[in-house]
file upload29.cif (mmCIF, C-alpha atoms and all ligand atoms)
data_entry
loop_
_atom_site.label_atom_id
_atom_site.label_comp_id
_atom_site.auth_asym_id
_atom_site.auth_seq_id
_atom_site.Cartn_x
_atom_site.Cartn_y
_atom_site.Cartn_z
CA MET A 20 119.99 141.92 51.22
CA GLY A 21 123.33 140.11 51.13
CA LYS A 22 122.70 137.13 53.41
CA ASP A 23 122.93 134.70 50.50
CA VAL A 24 126.22 136.16 49.20
CA LYS A 25 129.82 135.19 49.96
CA LEU A 26 132.25 138.02 49.26
CA ALA A 27 136.05 137.82 49.11
CA ILE A 28 138.01 141.08 49.25
CA PHE A 29 141.47 140.66 47.70
CA TYR A 30 143.99 143.44 48.21
CA TYR A 31 147.62 144.33 47.87
CA SER A 32 149.06 147.28 49.79
CA SER A 33 152.63 148.42 50.45
CA THR A 34 151.91 151.33 52.75
CA GLY A 35 148.35 150.83 53.96
CA THR A 36 146.02 152.82 51.73
CA ASN A 37 144.52 149.85 49.90
CA TYR A 38 144.28 147.94 53.16
CA LYS A 39 142.19 150.85 54.48
CA LEU A 40 140.00 150.79 51.37
CA ALA A 41 139.59 147.02 51.71
CA LYS A 42 138.68 147.34 55.40
CA ALA A 43 136.00 149.95 54.61
CA ALA A 44 134.56 147.60 51.98
CA GLU A 45 134.62 144.75 54.49
CA GLU A 46 132.72 146.80 57.07
CA ALA A 47 130.02 147.79 54.57
CA ALA A 48 129.73 144.26 53.22
CA LYS A 49 129.22 142.82 56.70
CA GLU A 50 126.38 145.29 57.27
CA THR A 51 124.46 143.58 54.45
CA GLY A 52 124.64 140.20 56.20
CA ALA A 53 127.00 138.80 53.56
CA GLU A 54 129.70 136.32 54.57
CA VAL A 55 132.95 138.21 54.05
CA LYS A 56 136.64 137.27 53.83
CA LEU A 57 139.40 139.87 53.63
CA VAL A 58 142.64 138.45 52.22
CA LYS A 59 145.96 139.88 51.06
CA VAL A 60 147.96 138.61 48.12
CA PRO A 61 151.55 137.60 48.93
CA GLU A 62 154.33 140.18 49.00
CA LEU A 63 156.96 139.48 46.34
CA ALA A 64 159.32 142.43 46.70
CA PRO A 65 162.88 141.74 47.86
CA GLU A 66 163.72 142.42 51.50
CA GLU A 67 166.04 145.29 50.63
CA ALA A 68 163.28 147.19 48.85
CA ILE A 69 160.92 146.74 51.80
CA ASN A 70 163.56 147.59 54.39
CA GLY A 71 164.41 150.75 52.45
CA ASN A 72 160.92 152.15 53.07
CA PRO A 73 159.95 152.31 56.78
CA ALA A 74 156.24 152.78 55.96
CA TRP A 75 156.25 149.63 53.80
CA LYS A 76 158.02 147.59 56.48
CA ALA A 77 155.66 148.86 59.18
CA HIS A 78 152.57 148.08 57.12
CA LEU A 79 153.66 144.51 56.44
CA GLU A 80 154.28 144.02 60.14
CA GLU A 81 150.88 145.53 61.02
CA THR A 82 149.05 143.17 58.63
CA LYS A 83 151.07 140.01 59.20
CA ASP A 84 148.00 138.24 60.62
CA VAL A 85 145.70 139.04 57.69
CA PRO A 86 145.09 135.72 55.90
CA THR A 87 146.82 135.18 52.57
CA ALA A 88 144.65 134.86 49.46
CA SER A 89 144.23 131.41 47.96
CA LEU A 90 142.56 129.92 44.92
CA ASP A 91 140.03 128.39 47.30
CA ASP A 92 138.88 131.92 48.19
CA LEU A 93 138.15 132.57 44.52
CA GLU A 94 136.17 129.36 44.24
CA TRP A 95 134.35 129.92 47.55
CA ALA A 96 133.08 133.45 46.90
CA ASP A 97 130.16 134.58 44.75
CA ALA A 98 131.55 138.11 44.56
CA TYR A 99 134.99 139.71 44.64
CA ILE A 100 136.28 143.17 45.40
CA PHE A 101 139.88 143.95 44.47
CA SER A 102 141.92 146.84 45.84
CA VAL A 103 145.42 147.67 44.61
CA PRO A 104 147.72 150.68 44.40
CA THR A 105 148.37 152.20 40.98
CA ARG A 106 151.87 151.26 39.77
CA TYR A 107 152.90 153.17 36.65
CA GLY A 108 149.25 153.23 35.64
CA THR A 109 148.63 149.56 36.12
CA VAL A 110 148.20 146.64 38.52
CA PRO A 111 151.08 145.82 40.92
CA SER A 112 153.01 142.65 40.11
CA GLN A 113 151.99 141.12 43.44
CA MET A 114 148.33 141.09 42.38
CA LYS A 115 149.16 140.15 38.79
CA GLN A 116 151.09 137.13 40.04
CA PHE A 117 148.05 136.00 42.02
CA LEU A 118 145.77 136.51 39.00
CA ASP A 119 148.21 134.53 36.86
CA THR A 120 147.75 131.47 39.07
CA THR A 121 144.04 131.21 38.23
CA GLY A 122 144.39 129.30 34.95
CA GLY A 123 143.21 126.03 36.49
CA LEU A 124 140.02 127.57 37.87
CA TRP A 125 139.43 129.52 34.66
CA SER A 126 139.78 126.42 32.47
CA LYS A 127 137.09 124.65 34.53
CA GLY A 128 134.75 127.65 34.24
CA LYS A 129 134.92 128.26 37.98
CA LEU A 130 135.39 132.02 37.66
CA ALA A 131 132.49 132.59 35.29
CA ASN A 132 129.56 134.64 36.60
CA LYS A 133 131.41 135.83 39.68
CA VAL A 134 130.46 139.45 40.31
CA VAL A 135 133.44 141.76 40.71
CA SER A 136 134.43 145.36 41.25
CA ALA A 137 137.76 147.06 41.92
CA MET A 138 139.30 150.00 43.76
CA THR A 139 142.67 151.71 43.63
CA SER A 140 144.79 154.57 44.96
CA ALA A 141 147.54 156.74 43.52
CA SER A 142 149.62 159.75 44.54
CA ASN A 143 148.29 162.05 41.82
CA PRO A 144 144.69 162.92 40.96
CA HIS A 145 145.34 161.85 37.37
CA GLY A 146 148.01 159.27 38.11
CA GLY A 147 146.41 156.37 36.26
CA GLN A 148 143.64 155.26 38.64
CA GLU A 149 141.10 154.61 35.90
CA GLN A 150 143.66 152.73 33.82
CA THR A 151 144.62 150.51 36.75
CA ILE A 152 141.02 149.52 37.40
CA LEU A 153 140.34 148.88 33.71
CA ASN A 154 143.51 146.79 33.45
CA LEU A 155 142.34 144.71 36.39
CA TYR A 156 138.91 144.28 34.82
CA THR A 157 140.50 142.96 31.61
CA THR A 158 141.42 139.76 33.45
CA MET A 159 137.91 139.52 34.86
CA PHE A 160 136.39 139.80 31.38
CA HIS A 161 138.53 136.83 30.36
CA TRP A 162 137.20 134.90 33.33
CA GLY A 163 133.61 135.55 32.23
CA ALA A 164 133.03 137.40 35.49
CA ILE A 165 130.39 140.12 35.66
CA VAL A 166 131.90 143.53 36.34
CA ALA A 167 129.63 145.56 38.60
CA ALA A 168 131.31 148.96 38.25
CA PRO A 169 129.69 151.64 40.40
CA GLY A 170 129.02 153.99 37.49
CA TYR A 171 127.23 157.05 38.86
CA THR A 172 124.69 155.09 40.87
CA ASP A 173 125.08 157.12 44.09
CA GLU A 174 125.77 160.70 45.19
CA SER A 175 128.82 159.53 47.16
CA ILE A 176 130.68 158.82 43.91
CA PHE A 177 130.70 162.50 42.95
CA ALA A 178 132.15 163.52 46.33
CA ALA A 179 134.83 160.83 45.94
CA GLY A 180 136.21 162.30 42.72
CA GLY A 181 133.69 160.72 40.36
CA ASN A 182 135.48 157.59 39.15
CA PRO A 183 132.70 155.44 37.62
CA TYR A 184 134.95 152.41 37.08
CA GLY A 185 135.58 151.85 40.76
CA THR A 186 136.40 153.91 43.82
CA SER A 187 139.81 155.55 43.69
CA VAL A 188 141.55 157.79 46.14
CA THR A 189 144.47 160.17 45.86
CA ALA A 190 146.78 159.68 48.83
CA ASP A 191 149.90 161.66 49.77
CA GLN A 192 153.21 160.18 50.96
CA GLU A 193 151.88 159.94 54.51
CA GLY A 194 148.77 158.12 53.30
CA ASN A 195 146.41 161.07 53.89
CA TRP A 196 143.41 160.94 51.58
CA LYS A 197 142.76 163.99 49.38
CA GLU A 198 139.07 163.02 49.16
CA ASP A 199 137.03 161.11 51.71
CA VAL A 200 135.97 158.11 49.70
CA THR A 201 134.57 156.04 52.56
CA ALA A 202 130.94 156.49 51.51
CA ALA A 203 131.78 155.61 47.89
CA VAL A 204 133.62 152.45 49.00
CA LYS A 205 130.64 151.44 51.10
CA HIS A 206 128.22 152.06 48.25
CA GLN A 207 130.45 150.05 45.91
CA ALA A 208 130.66 147.12 48.33
CA LYS A 209 126.89 147.06 48.83
CA ARG A 210 126.22 147.34 45.12
CA THR A 211 128.64 144.48 44.33
CA ILE A 212 126.76 142.31 46.82
CA GLN A 213 123.35 143.40 45.55
CA VAL A 214 124.27 142.47 41.95
CA ALA A 215 125.85 139.20 43.13
CA SER A 216 122.68 138.30 45.00
CA ALA A 217 120.55 138.96 41.91
CA VAL A 218 122.90 136.99 39.65
CA LYS A 219 123.02 134.08 42.09
CA LYS A 220 119.22 133.91 42.35
CA GLY A 221 118.83 134.31 38.59
CA MET A 222 121.24 131.48 37.88
CA GLN A 223 119.52 128.99 40.20
C1 LIG B 301 156.66 151.67 41.74
C2 LIG B 301 155.57 152.66 42.00
C3 LIG B 301 154.86 153.17 40.94
C4 LIG B 301 153.87 154.11 41.17
N1 LIG B 301 153.18 154.62 40.09
C5 LIG B 301 152.27 155.60 40.30
C6 LIG B 301 151.61 156.19 39.18
O1 LIG B 301 151.74 155.78 38.02
N2 LIG B 301 150.76 157.23 39.43
C7 LIG B 301 150.56 157.72 40.69
O2 LIG B 301 149.83 158.69 40.84
N3 LIG B 301 151.13 157.13 41.78
C8 LIG B 301 151.99 156.10 41.60
N4 LIG B 301 152.59 155.50 42.67
C9 LIG B 301 152.15 155.85 44.02
C10 LIG B 301 151.19 154.79 44.61
O3 LIG B 301 150.12 154.51 43.73
C11 LIG B 301 150.61 155.27 45.93
O4 LIG B 301 151.69 155.42 46.81
C12 LIG B 301 149.56 154.31 46.49
O5 LIG B 301 148.48 155.10 46.92
C13 LIG B 301 150.04 153.48 47.68
O6 LIG B 301 149.04 152.55 48.05
P1 LIG B 301 149.33 151.56 49.28
O7 LIG B 301 149.51 152.43 50.51
O8 LIG B 301 148.08 150.73 49.41
O9 LIG B 301 150.53 150.76 48.97
C14 LIG B 301 153.57 154.55 42.48
C15 LIG B 301 154.30 154.01 43.56
C16 LIG B 301 155.28 153.08 43.33
C17 LIG B 301 156.05 152.54 44.50
#
call {"tool": "encode", "arguments": {"input": "upload29.cif", "output": "structure tokens", "more": "lines below"}}
Ligand SMILES: Cc1cc2nc3c(=O)[nH]c(=O)nc-3n(C[C@H](O)[C@H](O)[C@H](O)COP(=O)(O)O)c2cc1C
result
Amino acid sequence: MGKDVKLAIFYYSSTGTNYKLAKAAEEAAKETGAEVKLVKVPELAPEEAINGNPAWKAHLEETKDVPTASLDDLEWADAYIFSVPTRYGTVPSQMKQFLDTTGGLWSKGKLANKVVSAMTSASNPHGGQEQTILNLYTTMFHWGAIVAAPGYTDESIFAAGGNPYGTSVTADQEGNWKEDVTAAVKHQAKRTIQVASAVKKGMQ
């Protein structure tokens, strides 16, 4: 189903939850036969903030070999999945900084018709997950990308807390998930690829 699709998964994670979400999406995407890249956006926080949180420091060390996102990844892929933690109900500055470097691609129309969806995590069940995903999608609307939100297109979405905008998980301080959202992530990844494949064929 996805053999004709190139997917880039862009994530930011301080303590590992969004890395885990991104990895689950990567696994599902590979099952479709799609060509998949998993990339992290650069860390921007000062050393003292990172060193003050052992989980943050450990996660950065654990993922030091994950390739760093580039504008070429945006141009290369037909479809994107974004995964970011909720920060005061919105997108972390690390991801925003990456998005704010896309003006050159945008002005050449290179981001139009890319198929995208997004995921997030937060500490509280109503901590701003939906808002974060919608804020992320605002940029994608400006790109002329096609947002392939999961809606309620699969049973797994209900078991994952029922966020139709994109999979979200509530995670405690230790990173334990309050809901098992793996099936919803996998459905979302496959659906993003399925829509991307249809768009790509339709545009040819
Ligand atoms: C600066 C900051 C702001 C945050 N804002 C929220 C928030 O508005 N609502 C919420 O429920 N959790 C909030 N959190 C918690 C994170 O969303 C949560 O720890 C996230 O799941 C971590 O993801 P990660 O492990 O991928 O970094 C915040 C955390 C930080 C450090």
call {"tool": "atom_distance", "arguments": {"input": "upload29.cif", "atom1": "CA of Pro169 (chain A)", "atom2": "CA of Asp191 (chain A)"}}
result
24.4 Å
call {"tool": "closest_atom_pairs", "arguments": {"input": "upload29.cif", "of": "region 111-155 of chain A", "to": "region 35-47 of chain A", "cutoff": "12 Å", "atoms": "all atoms listed in the file", "output": "tab-separated table"}}
result
residue	atom	partner	partner_atom	distance
A:Pro111	CA	A:Asn37	CA	11.8
A:Ser136	CA	A:Ala44	CA	11.0
A:Ala137	CA	A:Ala41	CA	10.0
A:Met138	CA	A:Leu40	CA	7.7
A:Thr139	CA	A:Asn37	CA	6.8
A:Ser140	CA	A:Asn37	CA	6.8
A:Ala141	CA	A:Thr36	CA	9.2
A:Ser142	CA	A:Thr36	CA	10.6
call {"tool": "residues_near_ligand", "arguments": {"input": "upload29.cif", "ligand": "ligand LIG 301 (chain B)", "cutoff": "7 Å", "atoms": "all atoms listed in the file", "output": "list in words"}}
result
Tyr31, Ser32, Ser33, Thr34, Gly35, Thr36, Asn37, Tyr38, Val103, Pro104, Thr105, Arg106, Tyr107, Gly108, Ser140, Ala141, Ser142, Asn143, Pro144, His145, Gly146, Gly147, Thr189, Ala190, Gln192 and Gly194 of chain A
call {"tool": "closest_residue", "arguments": {"input": "upload29.cif", "among": "A:Val134, A:Leu93, A:Ile69, A:Trp75", "to": "Leu57 (chain A)", "atoms": "only C-alpha atoms"}}
result
A:Leu93
call {"tool": "residues_around", "arguments": {"input": "upload29.cif", "residues": "region 181-184 of chain A", "least_positions_apart": "4", "cutoff": "10 Å", "atoms": "all atoms listed in the file", "output": "compact mmCIF listing (two decimals) with C-alpha atoms, in the coordinates of the input"}}
result
# COMPACT_ATOMS: atom_id res chain seq x y z
CA SER A 136 134.43 145.36 41.25
CA ALA A 137 137.76 147.06 41.92
CA MET A 138 139.30 150.00 43.76
CA GLN A 148 143.64 155.26 38.64
CA GLU A 149 141.10 154.61 35.90
CA GLN A 150 143.66 152.73 33.82
CA THR A 151 144.62 150.51 36.75
CA ILE A 152 141.02 149.52 37.40
CA LEU A 153 140.34 148.88 33.71
CA TYR A 156 138.91 144.28 34.82
CA VAL A 166 131.90 143.53 36.34
CA ALA A 167 129.63 145.56 38.60
CA ALA A 168 131.31 148.96 38.25
CA PRO A 169 129.69 151.64 40.40
CA GLY A 170 129.02 153.99 37.49
CA TYR A 171 127.23 157.05 38.86
CA THR A 172 124.69 155.09 40.87
CA GLU A 174 125.77 160.70 45.19
CA SER A 175 128.82 159.53 47.16
CA ILE A 176 130.68 158.82 43.91
CA PHE A 177 130.70 162.50 42.95
CA VAL A 188 141.55 157.79 46.14
CA VAL A 200 135.97 158.11 49.70
CA ALA A 203 131.78 155.61 47.89
call {"tool": "atom_distance", "arguments": {"input": "upload29.cif", "atom1": "CA of Ala98 (chain A)", "atom2": "CA of Asn195 (chain A)"}}
result
28.9 Å
call {"tool": "atom_distance", "arguments": {"input": "upload29.cif", "atom1": "CA of Leu118 (chain A)", "atom2": "CA of His161 (chain A)"}}
result
11.3 Å
call {"tool": "closest_residue", "arguments": {"input": "upload29.cif", "among": "A:Lys133, A:Lys25, A:Lys59, A:Lys76", "to": "Ser102 (chain A)", "atoms": "all atoms listed in the file"}}
result
A:Lys59
call {"tool": "residues_around", "arguments": {"input": "upload29.cif", "residues": "region 112-114 of chain A", "least_positions_apart": "5", "cutoff": "7 Å", "atoms": "all atoms listed in the file", "output": "count of residues only"}}
result
5
